[in-house]
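Here is the structure we will look at, set down as structure tokens.
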Amino acid sequence: MTDSILTLKDVSVTFGSLRAVNSVNLNVSAGQRRAIIGPNGAGKTTLFNAIAGVVPISSGTIQFNNTDMTRFSTSKRASLGIARTFQITNLFPRLTVEENIQLAVRGLSAHKFSMLGSGQPLAQEQESIELALVNSQLISKRSIETKTLSYGEQRQLEMAMALVQNPKLLLLDEPAAGLSPAERVNMADVINALPRDLTLILIEHDMDLALGLVDYVTCLHFGGVLTEGTPAQIRVDSQVEEVYLGKPRHA
Ligand SMILES: Nc1ncnc2c1ncn2[C@@H]1O[C@H](COP(=O)(O)OP(=O)(O)OP(=O)(O)O)[C@@H](O)[C@H]1O
Ligand SMILES: [Mg+2]
């Protein structure tokens, strides 16, 4: 037994001849906040897909809470406590904030209630919805049509739809992508204020934003782990600088 909530051993994902994820080892301890950084096409989203069970891995093992879940379905992994947000926004624009969250609950639940009919969420589901609204900082927007939200608020809503699943591990894929500088600051505040016992893995291109939010960083390059370290170590890492700027530090 370890205090590691997520352990990847030698995980690879191949698409034809492309090794999008190449022998990745990853150890994330419970309650840790981890950033995954790396240039476009480095394999970050594919790694999330492998953890969530959306793409099959071609080799390696994935353990969650000391359970080997390498062969588990996406829904089984979700029921164990893995939730994610997506790089691209995926909401029902004509429904309210709360209705979108209800749909996310309904997708999980054996108890199906009708969104537009008479059925109501169970008390326990409603409790999760309230908590998701609080933690995503959307409580004051609950009755607003989603299409009238700012883009930043839409990304918060996606987070709420993941949080309503009461995850132990939350995977955030570029939560600040496409946001204005002011919205980025707000999103960072929202992420920062998430419950400390929730383990977070965050993909983010904005280095300042990412490094300000996490305890530890993994940099991917061509599908493999280039380097890992604390934000302070990553800030001065010459390999990281090289892959981001495309030139060695002292060139
Ligand atoms: N379903 C797929 N089929 C074939 N190739 C894919 C598939 N998904 C991803 N790839 C390829 O795998 C590589 C890694 O892609 P991935 O989306 O994981 O990168 P990323 O690090 O998330 O990049 P970005 O920062 O641009 O989001 C890329 O070369 C991509 O074109
Ligand atoms: Mg990606």
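To be explicit about the labels: the chains of the structure tokens are called A, B, and onward in the order shown, and within each one the residues are counted from 1, while ligands get numbers from 1 in the order they are shown.
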
Could the residues of chain A that have an atom at most 10 Å from ligand 1 be listed as CSV, each with its closest atom pair and the distance in Å to one decimal, counting only C-alpha atoms and all ligand atoms and ordered by chain and ascending residue number?
```
residue,atom,partner,partner_atom_place_in_ligand_line,distance
A:Val13,CA,ligand 1,12 (O),8.7
A:Thr14,CA,ligand 1,5 (N),8.0
A:Phe15,CA,ligand 1,4 (C),5.0
A:Gly16,CA,ligand 1,4 (C),7.4
A:Ser17,CA,ligand 1,5 (N),9.5
A:Leu18,CA,ligand 1,12 (O),7.0
A:Arg19,CA,ligand 1,12 (O),7.3
A:Ala20,CA,ligand 1,12 (O),4.3
A:Val21,CA,ligand 1,14 (C),7.3
A:Ile36,CA,ligand 1,21 (O),8.9
A:Ile37,CA,ligand 1,21 (O),7.9
A:Gly38,CA,ligand 1,21 (O),6.3
A:Pro39,CA,ligand 1,25 (O),5.7
A:Asn40,CA,ligand 1,25 (O),3.6
A:Gly41,CA,ligand 1,19 (O),3.4
A:Ala42,CA,ligand 1,21 (O),3.8
A:Gly43,CA,ligand 1,18 (O),3.2
A:Lys44,CA,ligand 1,21 (O),3.7
A:Thr45,CA,ligand 1,22 (O),3.7
A:Thr46,CA,ligand 1,18 (O),3.7
A:Leu47,CA,ligand 1,18 (O),6.4
A:Phe48,CA,ligand 1,18 (O),8.0
A:Asn49,CA,ligand 1,18 (O),8.2
A:Ala50,CA,ligand 1,18 (O),9.7
A:Val54,CA,ligand 1,1 (N),9.8
A:Val55,CA,ligand 1,1 (N),7.9
A:Gln87,CA,ligand 1,27 (O),7.3
A:Ile88,CA,ligand 1,27 (O),9.9
A:Asp173,CA,ligand 1,22 (O),8.2
A:Glu174,CA,ligand 1,27 (O),8.0
A:Ala177,CA,ligand 1,27 (O),9.9
A:Ile203,CA,ligand 1,22 (O),8.1
A:Glu204,CA,ligand 1,25 (O),8.1
A:His205,CA,ligand 1,25 (O),7.0
A:Leu220,CA,ligand 1,21 (O),7.6
A:His221,CA,ligand 1,21 (O),8.2
A:Phe222,CA,ligand 1,14 (C),7.8
A:Gly223,CA,ligand 1,14 (C),6.9
```

Would you mind exporting the chosen residues as an mmCIF file, in the first residue's frame, restricted to C-alpha atoms?
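Final output, saved to again05.cif:
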```
data_model
loop_
_atom_site.group_PDB
_atom_site.id
_atom_site.type_symbol
_atom_site.label_atom_id
_atom_site.label_comp_id
_atom_site.auth_asym_id
_atom_site.auth_seq_id
_atom_site.Cartn_x
_atom_site.Cartn_y
_atom_site.Cartn_z
ATOM 1 C CA VAL A 13 -0.843 4.847 -26.068
ATOM 2 C CA THR A 14 -0.332 4.321 -29.775
ATOM 3 C CA PHE A 15 -2.344 5.587 -32.714
ATOM 4 C CA GLY A 16 -1.115 3.583 -35.688
ATOM 5 C CA SER A 17 2.612 4.199 -35.792
ATOM 6 C CA LEU A 18 2.422 7.252 -33.494
ATOM 7 C CA ARG A 19 3.340 6.777 -29.842
ATOM 8 C CA ALA A 20 1.246 9.613 -28.409
ATOM 9 C CA VAL A 21 2.103 8.509 -24.855
ATOM 10 C CA ILE A 36 1.052 18.453 -16.715
ATOM 11 C CA ILE A 37 2.800 20.819 -19.080
ATOM 12 C CA GLY A 38 4.410 20.376 -22.480
ATOM 13 C CA PRO A 39 4.182 21.707 -26.035
ATOM 14 C CA ASN A 40 1.252 21.115 -28.399
ATOM 15 C CA GLY A 41 0.964 17.458 -29.322
ATOM 16 C CA ALA A 42 3.107 16.308 -26.372
ATOM 17 C CA GLY A 43 0.434 13.797 -25.368
ATOM 18 C CA LYS A 44 -1.165 15.609 -22.423
ATOM 19 C CA THR A 45 -4.810 15.126 -23.409
ATOM 20 C CA THR A 46 -4.105 11.559 -24.520
ATOM 21 C CA LEU A 47 -2.641 10.878 -21.083
ATOM 22 C CA PHE A 48 -5.895 12.164 -19.513
ATOM 23 C CA ASN A 49 -7.869 9.974 -21.904
ATOM 24 C CA ALA A 50 -5.800 6.988 -20.817
ATOM 25 C CA VAL A 54 -11.386 6.849 -23.018
ATOM 26 C CA VAL A 55 -8.520 5.422 -25.050
ATOM 27 C CA GLN A 87 -10.364 21.060 -23.564
ATOM 28 C CA ILE A 88 -13.415 22.052 -25.641
ATOM 29 C CA ASP A 173 -7.760 19.943 -19.323
ATOM 30 C CA GLU A 174 -6.755 23.556 -20.003
ATOM 31 C CA ALA A 177 -7.829 28.140 -22.450
ATOM 32 C CA ILE A 203 -3.084 20.526 -17.993
ATOM 33 C CA GLU A 204 -2.227 24.138 -18.698
ATOM 34 C CA HIS A 205 -0.213 26.002 -21.292
ATOM 35 C CA LEU A 220 5.775 15.851 -21.287
ATOM 36 C CA HIS A 221 7.609 15.967 -24.596
ATOM 37 C CA PHE A 222 6.930 13.649 -27.550
ATOM 38 C CA GLY A 223 4.726 11.497 -25.334
#
```

> Could you write out, as a list in words, all the residues of segment 70-181 of chain A that DSSP marks as strand (DSSP E or B)?
Replying inline: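 Answer for segment 70-181 of chain A restricted to strand (DSSP E or B) is Ile82, Ala83, Arg84, Thr96, Glu145, Leu169, Leu170, Leu171, Leu172 and Asp173 of chain A.
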
>> Between atom CA of Thr70 of chain A and atom CA of Ala132 of chain A, what distance in Å does the model show, to one decimal?
In response: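 Atom CA of Ala132 of chain A lies 28.6 Å from atom CA of Thr70 of chain A.
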
>> So that I can check the secondary structure, give me every residue of segment 19-96 of chain A assigned helix (DSSP H, G or I) by backbone DSSP, as an MDAnalysis selection string.
In response: chainID A and resid 44:52 74:80

Output file for the residues above (C-alpha atoms, as a short mmCIF file (atom, residue, chain, number, x, y, z; two decimals), in the first residue's frame):
```
data_model
loop_
_atom_site.label_atom_id
_atom_site.label_comp_id
_atom_site.auth_asym_id
_atom_site.auth_seq_id
_atom_site.Cartn_x
_atom_site.Cartn_y
_atom_site.Cartn_z
CA LYS A 44 -1.16 15.61 -22.42
CA THR A 45 -4.81 15.13 -23.41
CA THR A 46 -4.11 11.56 -24.52
CA LEU A 47 -2.64 10.88 -21.08
CA PHE A 48 -5.90 12.16 -19.51
CA ASN A 49 -7.87 9.97 -21.90
CA ALA A 50 -5.80 6.99 -20.82
CA ILE A 51 -6.42 7.75 -17.12
CA ALA A 52 -10.15 8.24 -17.70
CA THR A 74 -14.81 4.77 -18.32
CA SER A 75 -17.98 4.53 -16.22
CA LYS A 76 -16.35 2.18 -13.71
CA ARG A 77 -13.46 4.63 -13.32
CA ALA A 78 -15.94 7.48 -12.88
CA SER A 79 -17.75 5.53 -10.18
CA LEU A 80 -14.41 4.99 -8.40
#
```

> When you draw a straight line from atom CA of Leu157 of chain A to atom CA of Ser128 of chain A, how long is it in Å?
Replying inline: 14.0 Å

Got a sec: who's within 8 Å of Ser143 of chain A, counting only C-alpha atoms, leaving out chain neighbours fewer than 2 positions off, as a CSV table (one decimal) with C-alpha atoms, in the first residue's frame?
```csv
chain,number,residue,atom,x,y,z
A,96,THR,CA,-29.8,26.9,-17.0
A,97,VAL,CA,-26.6,26.4,-15.1
A,98,GLU,CA,-28.4,24.1,-12.5
A,140,SER,CA,-25.5,33.2,-7.9
A,141,LYS,CA,-25.8,32.1,-11.5
A,145,GLU,CA,-29.5,30.3,-19.1
```

>> Just checking: using only C-alpha atoms, which residue out of A:Gln102, A:Gln120, A:Thr218, A:Ser23 ends up closest to Ala162 of chain A?
In response: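 Between A:Gln102, A:Gln120, A:Thr218, A:Ser23, the residue approaching Ala162 of chain A most closely is A:Gln102.
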
Need to verify the contact set: Met187 of chain A, 8 Å, only C-alpha atoms, exclusion of same-chain residues closer than 6 positions in sequence. Can you return it as a short mmCIF file (atom, residue, chain, number, x, y, z; two decimals) with N, CA and C atoms, in the first residue's frame?
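The result, written out as part-v4.cif:
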```cif
data_model
loop_
_atom_site.label_atom_id
_atom_site.label_comp_id
_atom_site.auth_asym_id
_atom_site.auth_seq_id
_atom_site.Cartn_x
_atom_site.Cartn_y
_atom_site.Cartn_z
N GLY A 152 -15.68 32.40 -19.38
CA GLY A 152 -15.04 31.95 -18.13
C GLY A 152 -16.03 31.22 -17.23
N GLN A 156 -16.29 27.38 -15.70
CA GLN A 156 -16.59 27.04 -14.30
C GLN A 156 -17.74 26.02 -14.24
N PRO A 175 -8.23 24.44 -18.28
CA PRO A 175 -9.42 25.17 -17.81
C PRO A 175 -9.38 26.66 -18.13
N ALA A 176 -8.21 27.20 -18.40
CA ALA A 176 -8.12 28.64 -18.68
C ALA A 176 -7.94 28.95 -20.16
#
```

>> Which residue is closest to Glu241 of chain A? Choose from A:Cys219, A:Val105, A:Ser59, A:Val225 and count only C-alpha atoms.
In response: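 Once distances to Glu241 of chain A are computed over only C-alpha atoms, the minimum belongs to A:Cys219.
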
>> For a quick check of understanding, using only C-alpha atoms and all ligand atoms, which of A:Asn166, A:Thr85, A:Ser12, A:Ser136 has the smallest distance to ligand 2?
In response: A:Thr85

> Which of these, A:Leu131, A:Leu172, A:Val190, A:Leu122, has the shortest distance to ligand 2 once you count only C-alpha atoms and all ligand atoms?
Replying inline: A:Leu172

> atom CA of Pro121 of chain A and atom CA of Glu99 of chain A are how many Å apart?
Replying inline: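 Interatomic distance, atom CA of Pro121 of chain A to atom CA of Glu99 of chain A: 10.6 Å.
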
>> Measuring between only C-alpha atoms, which one of A:Ala35, A:Val134, A:Leu209, A:Ile139 shows the shortest distance to Glu183 of chain A?
In response: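 Smallest distance to Glu183 of chain A is found for A:Leu209.
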
> With only C-alpha atoms as the basis for distance, which of A:Ile201, A:Ile101, A:Val236, A:Leu226 is at the shortest distance from Val28 of chain A?
Replying inline: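 Ranked by minimum distance to Val28 of chain A, first place goes to A:Ile201.
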
>> Residues within 10 Å of Leu170 of chain A, please, as a VMD selection string. Count only C-alpha atoms; anything in the same chain fewer than 3 positions from it doesn't count.
In response: chain A and resid 33 81 to 85 159 162 to 163 165 to 167 173 198 to 202

>> as an NGL selection string, please: the residues near Arg196 of chain A (cut-off 12 Å, only C-alpha atoms, same-chain neighbours under 2 positions excluded).
In response: :A and (30-33 or 135 or 168-170 or 191-194 or 198-200 or 213-215)
